[in-house]
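These notes concern the structure reproduced below.
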Amino acid sequence: MVNRTVVRGGLVITASDEIHADVLIEDGRIAALATHGGDAAAAWTADRTIDATGKYVVPGGVDAHTHMELPFGGTFASDTFETGTRAAAWGGTTTIIDFAVQSVGHAVREGLDAWYAKADGKCAIDYAFHMILSDVNEHSLKEMDLLVGEGITSFKLFMAYPGVFYSDDGRILRAMQRSAVNGGLIMMHAENGIAIDVLVEQALAEGRTDPRYHGEVRKVLLEAEATHRAIQLARVADAPLYVVHVSAEEAVAEIAAARDKGLNVFGETCPQYLFLSTDNLAEPDFEGAKYVCSTPLRPREHQAALWRGLRTNDLQVVSTDHCPFCFTGQKELGRGDFSKIPNGLPGVENRMDLLHQAVVDGHISRRRWIEIACAAPARMFGLYPKKGTIAPGADADVVIYDPHAEQIISAQTHHMNVDYSAYEGKRVTGQVETVLSRGELVIDNRQFTGRAGHGSYTPRSTCQNLN
Ligand SMILES: NC(=O)NCCC(=O)O
Ligand SMILES: [Zn+2]
Ligand SMILES: [Zn+2]
């Protein structure tokens, strides 16, 4: 058993600092930082020394939006907690927050218990849960209070997917009012699903069945309208609001306007909206199905507003919304009817690298990279400073990152349980070299050394909101 590890020679980057420091890890936690070559660091003894010379030493990524084994569209997301968390570790993510699901007509507790069972003993890295509320009623509102008490402090509601996850405005308002009292955070899938379903029906009736029509019917205006409505409902309830997977410039504008008024409104975007576009949805031979997710990919022009939002803090978090479906046998369910393509993209392994590429490309600074990928999601969802930073007392979730390594993203080399990569052939600069999870090596010089069951369920406190 290794109790003391020293990481020597690296550049430690957190959301607030960049320091040339050695890091002492003891019993799974960060014990101390000290300047290279100084007396303090020289005196440290350890069972294991990791040489990080020329490398970055960064906190493990916190991916606040994943869907392992999600039932959707008559199938299940293809990553289990075992395969998905292993892939996350390969990509430098050491904590995921996955969405447990309450089904219509069922208790919240039933859905949550099913998620505990799916994840128990399977995860390579630490994990926590949000709760999807699909059936807001008197009983589930009471259950919300109990969940907050047991560390599930955020609840996703859907303005989309009528008949599946959808909540009407009255149910949304009730859940928001409850969260205003119990300290939970409402996360909103903001798309006008009732209007979208009319457009879907019309498109299919006119023979517009290809994947690209998925993007056409899920209009920007219907994301912006729903974002605006969610914000007004949150104001009425006097509750904070976190809008998930923001994809459109007009939705960013709604969030920015709310924040300018001083409201507790927060926004998340995902790598697919920053790096992919409707061009991908239009790929021939049904290949566009690989890029079907909701909110949908947008024309490339929207990306500038998303990057700007991330720089100005109108958007606070980049999560993956990792929800993989194989092309063969799963995405194919929607041949001849785009509305039957299971919604979701793989990405849990790619997020830290893609955001590092954004540093290389000049979109964000190194510290902003760590802020949006590690610190902000940890703070937002009640995990900070245990997760999301490198500081004495924090969990020793540490990534040694080689900023100069070149790699080409590909399904041939990734570790997610899915038969394609949304970023196939993309060249990125930077690669994870070594990953520690609570002081244990899970990736050692690009070899997986972790194990299913190392990852622990991590209860969360109520959200420590940012402003
Ligand atoms: N995003 C997506 O297409 N699939 C996962 C479910 C959701 O987040 O809405
Ligand atoms: Zn969603
Ligand atoms: Zn999602």
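Chain labels run A, B, ... following the order of the structure tokens; each chain numbers its residues from 1, and ligands are numbered from 1 in the order shown.
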Discussion item. Applying 7 Å and only C-alpha atoms, which residues near stretch 368-371 of chain A remain after dropping the ones on its own chain fewer than 2 positions away? List them as a list in words.
Written reply: Thr14, Ala15, Leu355, His356, Ile364, Ser365, Arg366, Ala373, Cys374, Ala375 and Ala376 of chain A
Fill in: All residues 12 Å or closer to A:Thr5, only C-alpha atoms, same chain fewer than 3 positions away omitted, as an MDAnalysis selection string
chainID A and resid 1:2 8 22:32 44:51 396 398 436 438:441
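Closest approach to ligand 3 from the set A:Met187, A:Ala289, A:Val62, A:Ile409 is made by A:Met187, with distances taken over only C-alpha atoms and all ligand atoms.
Ranking A:Leu333, A:Ala304, A:Ile390, A:Val164 by their shortest atom-to-atom distance to ligand 1, with only C-alpha atoms and all ligand atoms included, puts A:Val164 first.
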Item to complete: Around ligand 3, at most 7 Å away and counting only C-alpha atoms and all ligand atoms, which residues are there? Put them as a ChimeraX atom specification, please.
Response: /A:65-67,321,323
Export of the given selection (C-alpha atoms) as a PDB file, in the first residue's frame:
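Ended up saving to again-v6.pdb:
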```pdb
ATOM      1  CA  HIS A  65     -23.216  15.499 -17.071  1.00  0.00           C
ATOM      2  CA  THR A  66     -23.063  11.819 -18.048  1.00  0.00           C
ATOM      3  CA  HIS A  67     -25.642   9.140 -18.867  1.00  0.00           C
ATOM      4  CA  ASP A 321     -23.548  14.975 -21.833  1.00  0.00           C
ATOM      5  CA  CYS A 323     -24.664   9.433 -23.870  1.00  0.00           C
TER       6      CYS A 323
END
```
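Taking atom CA of A:Thr434 and atom CA of A:Pro403 as the two end points, the separation is 12.7 Å.
Residues of protein, DNA or RNA lying at most 10 Å from ligand 2, when only C-alpha atoms and all ligand atoms are considered, are His65, Ile132, Lys156, Leu157, Phe158, Met159, Ala160, Tyr161, Phe165, Met187, Met188, His189, Ala190, Glu191, Val243, Val244, His245, Val246, Cys293, Ser294, Thr295, Asp321, Asn343 and Gly344 of chain A.
Taking only C-alpha atoms into account, A:Ser421 lies nearest to A:Gly347 out of the set A:Gly37, A:Gly382, A:Gly347, A:Gly170.
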I'd like to know which residues of stretch 31-121 of chain A are strand (DSSP E or B) (by DSSP, run on the backbone); could you write them as a compact mmCIF listing (two decimals) with N, CA and C atoms, in the first residue's frame?
```
# COMPACT_ATOMS: atom_id res chain seq x y z
N ALA A 31 -1.35 16.70 0.63
CA ALA A 31 -0.86 17.08 1.96
C ALA A 31 -0.18 18.44 1.93
N ALA A 32 0.56 18.72 0.84
CA ALA A 32 1.29 19.99 0.80
C ALA A 32 1.78 20.28 -0.62
N LEU A 33 2.02 21.56 -0.91
CA LEU A 33 2.71 21.98 -2.13
C LEU A 33 3.93 22.78 -1.68
N ALA A 34 5.03 22.65 -2.43
CA ALA A 34 6.22 23.42 -2.07
C ALA A 34 7.06 23.64 -3.32
N THR A 35 7.74 24.77 -3.37
CA THR A 35 8.50 25.11 -4.59
C THR A 35 9.60 24.08 -4.88
N ARG A 48 6.54 6.62 -3.38
CA ARG A 48 6.51 6.68 -4.85
C ARG A 48 6.77 8.12 -5.28
N THR A 49 7.64 8.26 -6.30
CA THR A 49 7.90 9.60 -6.84
C THR A 49 7.52 9.60 -8.31
N ILE A 50 6.76 10.61 -8.71
CA ILE A 50 6.37 10.75 -10.11
C ILE A 50 7.08 11.98 -10.66
N ASP A 51 7.80 11.78 -11.75
CA ASP A 51 8.52 12.89 -12.37
C ASP A 51 7.59 13.60 -13.36
N TYR A 56 2.19 19.43 -17.09
CA TYR A 56 1.24 20.12 -16.20
C TYR A 56 0.78 19.14 -15.13
N VAL A 57 0.53 19.67 -13.95
CA VAL A 57 -0.08 18.89 -12.87
C VAL A 57 -1.41 19.58 -12.57
N VAL A 58 -2.50 18.92 -12.95
CA VAL A 58 -3.81 19.59 -12.88
C VAL A 58 -4.79 18.72 -12.08
N PRO A 59 -5.86 19.35 -11.57
CA PRO A 59 -6.86 18.54 -10.87
C PRO A 59 -7.55 17.60 -11.84
N GLY A 61 -10.44 15.94 -13.87
CA GLY A 61 -11.64 16.56 -14.41
C GLY A 61 -12.89 16.12 -13.67
N VAL A 62 -13.86 17.03 -13.61
CA VAL A 62 -15.17 16.73 -13.02
C VAL A 62 -16.19 16.88 -14.15
N ASP A 63 -16.72 15.76 -14.60
CA ASP A 63 -17.71 15.79 -15.69
C ASP A 63 -19.10 15.71 -15.05
N ALA A 64 -19.79 16.83 -15.05
CA ALA A 64 -21.06 16.96 -14.31
C ALA A 64 -22.27 16.54 -15.13
N HIS A 65 -22.05 15.85 -16.25
CA HIS A 65 -23.22 15.50 -17.07
C HIS A 65 -22.90 14.25 -17.88
N THR A 66 -23.22 13.07 -17.29
CA THR A 66 -23.06 11.82 -18.05
C THR A 66 -24.33 10.97 -17.91
N PRO A 71 -31.62 4.41 -20.36
CA PRO A 71 -32.62 3.87 -21.30
C PRO A 71 -33.18 5.02 -22.13
N PHE A 72 -33.13 4.88 -23.44
CA PHE A 72 -33.58 5.98 -24.32
C PHE A 72 -33.94 5.41 -25.68
N THR A 75 -33.58 1.65 -26.38
CA THR A 75 -32.28 1.00 -26.19
C THR A 75 -31.59 1.64 -24.98
N PHE A 76 -30.35 1.27 -24.75
CA PHE A 76 -29.62 1.80 -23.59
C PHE A 76 -28.30 2.41 -24.04
N THR A 93 -10.48 12.47 -16.47
CA THR A 93 -11.62 12.83 -15.61
C THR A 93 -11.66 11.86 -14.44
N THR A 94 -11.77 12.40 -13.22
CA THR A 94 -11.71 11.55 -12.03
C THR A 94 -13.01 11.57 -11.23
N THR A 95 -13.98 12.37 -11.67
CA THR A 95 -15.31 12.34 -11.04
C THR A 95 -16.35 12.53 -12.13
N ILE A 96 -17.39 11.71 -12.09
CA ILE A 96 -18.56 11.99 -12.95
C ILE A 96 -19.77 12.21 -12.06
N ILE A 97 -20.69 13.04 -12.56
CA ILE A 97 -22.02 13.12 -11.94
C ILE A 97 -23.01 12.64 -12.99
N ASP A 98 -23.59 11.48 -12.73
CA ASP A 98 -24.48 10.83 -13.67
C ASP A 98 -25.94 11.13 -13.27
N PHE A 99 -26.84 10.93 -14.23
CA PHE A 99 -28.25 11.25 -13.98
C PHE A 99 -29.05 9.98 -13.69
N ALA A 100 -29.46 9.81 -12.42
CA ALA A 100 -30.43 8.76 -12.10
C ALA A 100 -31.79 9.21 -12.64
N VAL A 101 -32.63 8.25 -12.98
CA VAL A 101 -33.88 8.58 -13.68
C VAL A 101 -35.10 8.12 -12.89
```
Worksheet entry | Which of A:Thr413, A:Thr269, A:Ser103, A:Thr462 sits closest to A:Val148 [using only C-alpha atoms] | A:Thr462
Fill in: Given only C-alpha atoms and all ligand atoms as the counted atoms, nearest of A:Glu18, A:Glu69, A:Asp197, A:Asp126 to ligand 1
A:Glu69
Worksheet item: What does the distance from atom CA of A:Ala422 to atom CA of A:Val220 come to in Å, to one decimal?
Response: 21.9 Å
Fill in: Within 12 Å of A:Ala234 using only C-alpha atoms, minus same-chain residues under 3 positions, as number ranges by chain
A: 169-170, 172-180, 185-188, 227-231, 237-243, 258, 263-266
